[in-house]
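target_27.cif (mmCIF, C-alpha atoms)
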data_protein
#
loop_
_atom_site.label_atom_id
_atom_site.label_comp_id
_atom_site.auth_asym_id
_atom_site.auth_seq_id
_atom_site.Cartn_x
_atom_site.Cartn_y
_atom_site.Cartn_z
CA MET A 1 -8.80 -13.38 38.42
CA THR A 2 -8.75 -12.31 34.75
CA ARG A 3 -5.62 -10.49 33.62
CA PRO A 4 -6.01 -7.30 31.52
CA ALA A 5 -5.34 -7.77 27.81
CA SER A 6 -2.36 -5.40 27.97
CA THR A 7 -0.76 -7.51 30.71
CA MET A 8 -1.39 -10.70 28.76
CA ALA A 9 0.15 -9.18 25.64
CA THR A 10 3.24 -8.19 27.60
CA ILE A 11 3.56 -11.71 29.00
CA VAL A 12 3.20 -13.29 25.54
CA LEU A 13 5.77 -10.94 24.01
CA ALA A 14 8.22 -11.58 26.84
CA ALA A 15 7.76 -15.34 26.44
CA LEU A 16 8.35 -15.15 22.70
CA ILE A 17 11.54 -13.13 23.11
CA GLY A 18 12.77 -15.14 26.08
CA SER A 19 12.26 -18.44 24.30
CA VAL A 20 15.00 -17.57 21.82
CA ALA A 21 18.61 -16.95 22.83
CA ILE A 22 20.00 -13.89 21.05
CA PRO A 23 23.38 -14.87 19.63
CA ASP A 24 26.61 -13.05 20.37
CA THR A 25 27.34 -10.84 17.38
CA SER A 26 30.54 -9.31 18.72
CA GLY A 27 32.79 -11.57 16.65
CA ALA A 28 33.03 -14.71 14.59
CA ARG A 29 30.95 -17.64 15.80
CA SER A 30 29.97 -21.13 14.73
CA ILE A 31 27.66 -21.46 11.76
CA ASN A 32 24.06 -22.43 12.48
CA ASP A 33 23.85 -26.22 12.10
CA THR A 34 20.68 -26.04 9.98
CA LEU A 35 22.00 -23.37 7.58
CA GLY A 36 20.87 -24.27 4.05
CA LYS A 37 19.01 -27.39 5.18
CA THR A 38 15.40 -26.17 5.08
CA THR A 39 13.06 -26.72 2.16
CA PHE A 40 10.27 -24.55 0.69
CA SER A 41 12.80 -21.72 0.92
CA TRP A 42 10.49 -19.35 -1.01
CA LEU A 43 8.55 -18.96 2.25
CA LYS A 44 11.40 -16.72 3.44
CA THR A 45 10.79 -14.26 0.59
CA MET A 46 8.87 -11.08 1.48
CA PRO A 47 6.18 -10.86 -1.25
CA ASP A 48 4.73 -7.44 -0.34
CA ALA A 49 6.46 -4.49 -2.03
CA GLY A 50 5.34 -1.95 0.58
CA LEU A 51 6.92 -3.91 3.42
CA SER A 52 9.96 -4.88 1.36
CA ALA A 53 10.85 -1.25 0.62
CA SER A 54 11.19 -0.42 4.34
CA GLY A 55 13.70 -3.11 5.28
CA GLU A 56 11.17 -5.96 4.99
CA CYS A 57 9.96 -5.05 8.50
CA MET A 58 6.72 -6.93 9.20
CA GLY A 59 6.63 -7.63 12.95
CA ALA A 60 4.29 -4.74 13.77
CA ARG A 61 2.62 -4.09 10.42
CA ASP A 62 -1.14 -3.87 10.77
CA GLY A 63 -4.13 -3.06 8.56
CA THR A 64 -3.94 -3.28 4.78
CA ALA A 65 -0.15 -2.69 4.89
CA GLY A 66 0.48 -5.98 6.70
CA LEU A 67 -2.37 -7.90 5.10
CA PHE A 68 -1.46 -11.47 4.01
CA VAL A 69 1.96 -11.20 5.69
CA HIS A 70 1.33 -10.63 9.41
CA PRO A 71 -1.32 -13.10 10.67
CA ALA A 72 -3.00 -10.50 12.94
CA ALA A 73 -3.12 -7.67 10.37
CA VAL A 74 -6.46 -8.90 9.06
CA ALA A 75 -8.10 -8.45 12.50
CA GLY A 76 -10.51 -5.53 12.67
CA LEU A 77 -10.42 -4.90 8.92
CA VAL A 78 -13.67 -3.20 7.93
CA GLN A 79 -13.26 -2.74 4.17
CA GLN A 80 -13.11 -5.69 1.78
CA THR A 81 -9.64 -5.67 0.24
CA ALA A 82 -7.81 -7.50 -2.53
CA LYS A 83 -4.06 -7.57 -3.15
CA LEU A 84 -1.88 -8.80 -5.99
CA SER A 85 1.91 -9.06 -5.70
CA TYR A 86 4.63 -9.90 -8.18
CA VAL A 87 8.33 -10.46 -7.46
CA ALA A 88 11.04 -10.63 -10.13
CA HIS A 89 13.45 -12.67 -8.02
CA TYR A 90 16.92 -14.13 -8.40
CA LEU A 91 17.93 -16.03 -11.54
CA ASP A 92 14.67 -15.40 -13.43
CA THR A 93 12.55 -16.84 -10.62
CA GLN A 94 9.03 -15.37 -10.56
CA TYR A 95 6.92 -15.21 -7.42
CA GLY A 96 3.31 -14.05 -7.34
CA SER A 97 0.33 -14.00 -4.99
CA VAL A 98 -3.28 -12.89 -5.00
CA GLY A 99 -5.38 -12.47 -1.88
CA TYR A 100 -8.74 -11.27 -0.60
CA ALA A 101 -9.92 -10.32 2.89
CA GLY A 102 -13.32 -9.35 4.25
CA ARG A 103 -15.73 -9.56 7.17
CA PHE A 104 -17.64 -12.79 7.80
CA ARG A 105 -19.97 -12.45 10.79
CA ASP A 106 -17.78 -11.44 13.76
CA GLN A 107 -14.51 -12.57 12.15
CA THR A 108 -12.23 -11.15 9.51
CA ILE A 109 -11.04 -13.82 7.07
CA GLY A 110 -8.52 -13.70 4.28
CA PHE A 111 -7.65 -16.09 1.45
CA LYS A 112 -4.41 -16.15 -0.52
CA ILE A 113 -2.97 -18.17 -3.41
CA MET A 114 0.80 -18.14 -4.01
CA TYR A 115 2.93 -19.48 -6.84
CA VAL A 116 6.63 -19.69 -7.67
CA ASN A 117 7.97 -20.36 -11.16
CA TYR A 118 11.65 -21.33 -11.33
CA GLY A 119 11.67 -21.52 -15.12
CA GLU A 120 13.01 -24.23 -17.39
CA PHE A 121 16.07 -26.38 -16.69
CA VAL A 122 18.25 -28.59 -18.87
CA GLY A 123 18.46 -32.21 -17.74
CA THR A 124 21.63 -34.29 -18.19
CA ASP A 125 22.63 -37.87 -17.52
CA ARG A 126 25.69 -39.02 -15.54
CA GLN A 127 27.87 -38.57 -18.59
CA GLY A 128 26.75 -34.95 -18.99
CA GLN A 129 24.65 -35.62 -22.08
CA ARG A 130 21.44 -33.63 -22.42
CA THR A 131 18.27 -35.59 -21.75
CA GLY A 132 15.80 -32.79 -22.37
CA THR A 133 14.29 -30.00 -20.28
CA PHE A 134 12.12 -29.90 -17.19
CA THR A 135 10.38 -27.30 -15.03
CA ALA A 136 10.10 -26.60 -11.32
CA GLY A 137 7.58 -24.63 -9.29
CA ASP A 138 5.76 -24.25 -5.99
CA MET A 139 2.21 -23.35 -5.00
CA GLY A 140 0.43 -22.53 -1.76
CA PHE A 141 -3.05 -21.78 -0.48
CA SER A 142 -3.68 -19.96 2.79
CA VAL A 143 -6.64 -19.08 5.01
CA ASN A 144 -6.14 -16.22 7.48
CA VAL A 145 -8.45 -15.55 10.44
CA GLY A 146 -8.10 -12.57 12.76
CA ARG A 147 -9.91 -11.18 15.76
CA GLU A 148 -9.76 -7.90 17.65
CA LEU A 149 -9.85 -8.97 21.31
CA ARG A 150 -9.77 -5.37 22.50
CA THR A 151 -9.01 -2.01 20.96
CA ASP A 152 -5.40 -2.49 22.04
CA LEU A 153 -4.91 -6.16 21.14
CA LYS A 154 -5.32 -8.15 17.93
CA ILE A 155 -4.52 -11.78 17.23
CA GLY A 156 -4.52 -13.88 14.09
CA ALA A 157 -3.66 -17.24 12.58
CA THR A 158 -2.91 -18.40 9.04
CA ALA A 159 -3.16 -22.02 7.89
CA SER A 160 -1.40 -22.97 4.65
CA PHE A 161 -1.13 -25.97 2.38
CA LEU A 162 2.03 -26.01 0.26
CA THR A 163 3.14 -28.10 -2.67
CA SER A 164 6.39 -28.22 -4.63
CA LYS A 165 7.30 -29.92 -7.90
CA LEU A 166 10.77 -30.56 -9.36
CA GLU A 167 10.61 -32.53 -12.62
CA ASP A 168 8.77 -35.72 -11.57
CA PHE A 169 9.39 -35.26 -7.84
CA THR A 170 6.87 -33.62 -5.52
CA ALA A 171 6.71 -32.51 -1.90
CA HIS A 172 3.81 -31.33 0.26
CA ALA A 173 3.68 -29.42 3.54
CA ALA A 174 1.20 -27.92 6.00
CA ALA A 175 2.02 -24.88 8.11
CA VAL A 176 0.49 -22.40 10.54
CA ASP A 177 1.44 -18.78 11.23
CA LEU A 178 0.49 -17.14 14.55
CA GLY A 179 0.67 -13.45 15.35
CA LEU A 180 -0.38 -10.64 17.66
CA LEU A 181 -0.40 -6.85 17.54
CA TYR A 182 -0.42 -4.75 20.69
CA TYR A 183 -1.18 -1.02 20.89
CA PRO A 184 0.25 0.33 24.17
CA ASP A 185 -0.86 3.61 25.70
CA PHE A 186 1.87 5.49 23.85
CA GLU A 187 0.96 7.61 20.84
CA GLY A 188 1.82 6.08 17.48
CA LEU A 189 3.48 2.93 18.86
CA VAL A 190 2.63 -0.61 17.77
CA ILE A 191 4.39 -3.75 19.03
CA GLY A 192 3.96 -7.11 17.34
CA ALA A 193 5.22 -10.65 17.00
CA ALA A 194 4.68 -13.48 14.55
CA ILE A 195 5.72 -17.11 14.28
CA GLN A 196 5.76 -18.28 10.67
CA ASN A 197 5.90 -21.70 9.02
CA LEU A 198 5.13 -23.71 12.14
CA GLY A 199 4.38 -27.06 10.57
CA THR A 200 5.73 -30.14 8.85
CA VAL A 201 6.60 -31.55 5.45
CA THR A 202 3.93 -34.21 4.96
CA LYS A 203 5.55 -35.67 1.82
CA SER A 204 9.24 -35.28 1.03
CA TYR A 205 10.94 -35.36 -2.37
CA SER A 206 12.70 -38.53 -1.21
CA ALA A 207 11.47 -41.14 1.22
CA ASN A 208 14.96 -41.33 2.70
CA TYR A 209 15.29 -37.66 3.57
CA LYS A 210 13.20 -35.56 5.95
CA GLU A 211 12.83 -31.91 4.95
CA VAL A 212 12.24 -29.11 7.46
CA LEU A 213 10.28 -25.89 6.96
CA PRO A 214 12.02 -22.51 7.46
CA LEU A 215 10.54 -21.66 10.86
CA ARG A 216 11.02 -18.06 12.03
CA LEU A 217 10.00 -15.84 14.91
CA THR A 218 9.76 -12.10 14.23
CA VAL A 219 9.45 -9.49 16.97
CA GLY A 220 9.03 -5.89 15.87
CA ALA A 221 7.78 -2.39 16.55
CA LYS A 222 6.70 0.64 14.58
CA LYS A 223 6.47 4.25 15.75
CA LYS A 224 4.73 7.08 13.96
CA LEU A 225 6.43 10.33 14.89
CA ALA A 226 4.17 12.88 16.58
CA HIS A 227 5.37 15.99 14.74
CA ALA A 228 6.51 14.62 11.38
CA PRO A 229 4.86 12.46 8.69
CA ILE A 230 7.43 9.71 9.27
CA THR A 231 7.00 6.17 10.59
CA LEU A 232 9.95 4.15 11.88
CA PHE A 233 10.14 0.33 11.85
CA GLY A 234 12.38 -2.22 13.53
CA ASP A 235 12.44 -6.04 13.54
CA VAL A 236 14.49 -8.86 14.99
CA VAL A 237 14.06 -12.21 13.22
CA PHE A 238 15.05 -15.56 14.73
CA PRO A 239 15.12 -18.24 11.96
CA ASN A 240 15.81 -21.93 12.49
CA ASP A 241 18.23 -22.03 9.55
CA ASN A 242 20.36 -18.95 10.16
CA ASP A 243 21.54 -16.53 12.81
CA ALA A 244 19.36 -13.68 14.05
CA LEU A 245 18.53 -11.02 11.45
CA TYR A 246 18.00 -7.32 12.16
CA ALA A 247 15.92 -4.95 10.05
CA PHE A 248 15.22 -1.22 10.17
CA GLY A 249 13.09 0.98 7.94
CA LEU A 250 11.27 4.27 7.57
CA GLU A 251 8.35 5.64 5.60
CA LEU A 252 7.65 9.26 4.64
CA ASN A 253 3.95 9.99 4.16
CA ILE A 254 3.18 12.90 1.81
CA ARG A 255 -0.49 13.92 2.09
CA ASP A 256 -1.64 10.30 2.50
CA MET A 257 -1.02 9.90 -1.22
CA LEU A 258 2.69 9.44 -1.86
CA TYR A 259 4.88 7.23 0.34
CA LEU A 260 8.68 7.17 0.14
CA ARG A 261 10.41 4.23 1.85
CA ALA A 262 13.90 2.98 2.65
CA GLY A 263 15.46 0.40 4.95
CA THR A 264 18.31 -1.93 5.70
CA ARG A 265 18.51 -5.57 6.67
CA SER A 266 21.37 -7.62 8.08
CA ARG A 267 22.70 -10.86 6.66
CA THR A 268 25.13 -13.53 7.77
CA ARG A 269 28.53 -13.57 6.12
CA ILE A 270 30.29 -16.95 6.18
CA ASN A 271 34.01 -17.56 6.13
CA THR A 272 34.23 -21.02 4.58
CA GLU A 273 37.94 -21.39 5.38
CA ILE A 274 37.47 -21.27 9.16
CA HIS A 275 33.80 -22.35 9.08
CA LYS A 276 32.72 -19.27 11.03
CA ALA A 277 30.03 -16.63 10.55
CA GLU A 278 29.51 -13.00 11.46
CA THR A 279 26.61 -10.57 11.17
CA ASP A 280 26.77 -7.81 8.58
CA PHE A 281 24.30 -5.25 9.95
CA SER A 282 24.21 -3.29 6.69
CA GLY A 283 23.87 -6.44 4.62
CA TYR A 284 21.60 -4.91 2.01
CA THR A 285 19.44 -1.85 1.58
CA THR A 286 15.89 -1.49 0.30
CA PHE A 287 14.12 1.38 -1.44
CA GLY A 288 10.66 2.02 -2.80
CA MET A 289 7.59 4.13 -3.07
CA GLY A 290 3.84 3.87 -2.79
CA LEU A 291 0.93 5.70 -4.36
CA SER A 292 -2.60 5.75 -2.96
CA VAL A 293 -5.47 7.15 -5.03
CA LYS A 294 -9.01 6.69 -3.74
CA ARG A 295 -9.59 2.91 -3.52
CA TYR A 296 -6.36 1.94 -5.25
CA ARG A 297 -2.82 1.45 -3.95
CA PHE A 298 0.40 0.81 -5.84
CA ASP A 299 3.69 -0.15 -4.15
CA TYR A 300 7.11 -0.74 -5.65
CA ALA A 301 10.31 -2.00 -4.01
CA PHE A 302 13.86 -2.29 -5.28
CA THR A 303 16.48 -4.34 -3.44
CA PRO A 304 20.00 -4.06 -4.86
CA ASP A 305 22.18 -7.04 -4.00
CA ASP A 306 25.89 -7.04 -4.72
CA MET A 307 26.25 -10.77 -3.93
CA ILE A 308 23.49 -12.35 -6.03
CA GLU A 309 21.09 -10.24 -8.07
CA SER A 310 18.86 -7.22 -7.51
CA THR A 311 15.12 -7.80 -7.13
CA HIS A 312 12.02 -5.82 -8.08
CA LYS A 313 8.65 -6.16 -6.39
CA ILE A 314 5.21 -4.74 -7.25
CA THR A 315 2.03 -4.90 -5.18
CA LEU A 316 -1.43 -3.65 -6.21
CA GLY A 317 -4.20 -3.20 -3.66
CA ILE A 318 -7.85 -2.27 -4.04
CA ASP A 319 -10.65 -1.67 -1.53
CA ILE A 320 -13.84 -3.35 -2.69
CA PRO A 321 -17.06 -1.41 -1.99
#
Take the structure from the file and write it as structure tokens.
Amino acid sequence: MTRPASTMATIVLAALIGSVAIPDTSGARSINDTLGKTTFSWLKTMPDAGLSASGECMGARDGTAGLFVHPAAVAGLVQQTAKLSYVAHYLDTQYGSVGYAGRFRDQTIGFKIMYVNYGEFVGTDRQGQRTGTFTAGDMGFSVNVGRELRTDLKIGATASFLTSKLEDFTAHAAAVDLGLLYYPDFEGLVIGAAIQNLGTVTKSYSANYKEVLPLRLTVGAKKKLAHAPITLFGDVVFPNDNDALYAFGLELNIRDMLYLRAGTRSRTRINTEIHKAETDFSGYTTFGMGLSVKRYRFDYAFTPDDMIESTHKITLGIDIP
């Protein structure tokens, strides 16, 4: 007997959530053993300004808003779309991406190229004498395929090849992202889940050390209010190199032209003296706005950070006729 798609979606979501034990956040607890031990850490950065401004919530983001971030967002896309994103990140690090998505026969397929530029560094020998300068950077190429199984269920997968270079050392990795979006019979509600960076480092910087990708499971929901132009977002993120993260956001839609966004995202605070951690639910806030004019979209996000450095993100989108 074939199960309805809605029942299958419920089973998949329950399995995803049940496969991860939610940690006790009532007090101090042991630090995650893999904290700070994953490589290709730029994969944890949210590149899309529209999503970043509303707490970086991505678990249930569909359509052009979630394009190139949520694997299932590309499913059912009718209009050809291109997106360009730029992130002015910590310590002069620059992160950019360009992507395209369109219909190919009965599938929707997207392509994305990513780069990270860490700038120039000064090299020294063991005595502290300068030996010159060197650069570091990362690149990635992704192919995203999505399918609309039913009007209430979308699935998608993204395959990526990643490469990293630090002076004369290089590393390579291959990863897959899997995601689904479910539209229950409840007005304005979307439920989603995504597993990101499921893969392996095929070539490490050193033959004697095995790097691990920053694997993460995100489960989220969004709800468009029935009597107000406001959409609410919520995510729970389970990373393999940290404790669970919690994110909340909102978006105010003014005449489908101007979008005002804000959010908050938790972070783990570590007490190095007792080697314990606790969750700061108001770890950092996010703000931003979006502007949509005909075929063009502009999004901006600002994330103030009192511990490291504030970041700015810009995303441009265009529908291709």
Item to check | Neighbour list for A:Phe68 as a VMD selection string, cut-off 9 Å, only C-alpha atoms, skip fewer than 4 positions in-chain | outcome: chain A and resid 48 64 73 to 74 83 99 to 101 110 to 112 142 144 158
Checklist entry - With only C-alpha atoms as the basis for distance, which of A:Leu178, A:Val116, A:Ala207, A:Ala82 is at the shortest distance from A:Pro47? => result A:Val116
Item to check | Contact residues around A:Asp305 with only C-alpha atoms at 9 Å, ignoring same-chain residues under 3 positions, as a ChimeraX atom specification | outcome: /A:283-285,308-311
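Closest to A:Ser282 among A:Gly123, A:Ala136, A:Lys224, A:Gly55 is A:Gly55, based on all atoms listed in the file.
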Item to check | Target residues per the PyMOL selection byres ((chain A and resi 161-168) around 7), formatted as a PyMOL selection string | outcome: chain A and resi 134-142+160+169-175
Next on the checklist: Applying the PyMOL selection byres ((chain A and resi 186-191) around 7) to the file I just gave you, which residues come out? Please list them as a list in words.
Outcome noted: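 Taken on the displayed file, the PyMOL selection byres ((chain A and resi 186-191) around 7) yields the residues Ala60, Leu181, Tyr182, Tyr183, Pro184, Asp185, Gly192, Gly220, Ala221, Lys222, Lys223, Lys224 and Leu225 of chain A.
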Will you give me stretch 197-210 of chain A, written with N, CA and C atoms and laid out as a short mmCIF file (atom, residue, chain, number, x, y, z; two decimals), in the first residue's frame?
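Result saved to part.cif:
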data_model
loop_
_atom_site.label_atom_id
_atom_site.label_comp_id
_atom_site.auth_asym_id
_atom_site.auth_seq_id
_atom_site.Cartn_x
_atom_site.Cartn_y
_atom_site.Cartn_z
N ASN A 197 26.41 19.36 3.87
CA ASN A 197 27.83 18.97 3.94
C ASN A 197 27.99 17.50 4.34
N LEU A 198 27.16 16.66 3.80
CA LEU A 198 27.27 15.22 4.01
C LEU A 198 28.28 14.69 3.00
N GLY A 199 29.51 14.48 3.45
CA GLY A 199 30.54 14.07 2.50
C GLY A 199 31.85 13.79 3.18
N THR A 200 32.93 13.94 2.43
CA THR A 200 34.25 13.58 2.95
C THR A 200 35.32 14.48 2.35
N VAL A 201 36.41 14.64 3.09
CA VAL A 201 37.58 15.33 2.58
C VAL A 201 38.41 14.32 1.81
N THR A 202 38.47 14.47 0.51
CA THR A 202 39.16 13.49 -0.34
C THR A 202 40.68 13.67 -0.32
N LYS A 203 41.13 14.88 -0.03
CA LYS A 203 42.58 15.15 0.08
C LYS A 203 42.77 16.16 1.20
N SER A 204 43.53 15.78 2.21
CA SER A 204 43.76 16.66 3.35
C SER A 204 45.00 17.51 3.14
N TYR A 205 45.11 18.58 3.93
CA TYR A 205 46.31 19.42 3.89
C TYR A 205 47.55 18.59 4.24
N SER A 206 47.38 17.67 5.19
CA SER A 206 48.48 16.83 5.63
C SER A 206 48.07 15.37 5.55
N ALA A 207 48.97 14.53 5.11
CA ALA A 207 48.67 13.11 4.98
C ALA A 207 48.48 12.45 6.34
N ASN A 208 48.96 13.11 7.38
CA ASN A 208 48.88 12.53 8.73
C ASN A 208 47.68 13.00 9.54
N TYR A 209 46.82 13.80 8.91
CA TYR A 209 45.68 14.33 9.65
C TYR A 209 44.43 14.24 8.78
N LYS A 210 43.35 13.72 9.34
CA LYS A 210 42.10 13.55 8.61
C LYS A 210 41.13 14.65 8.99
#
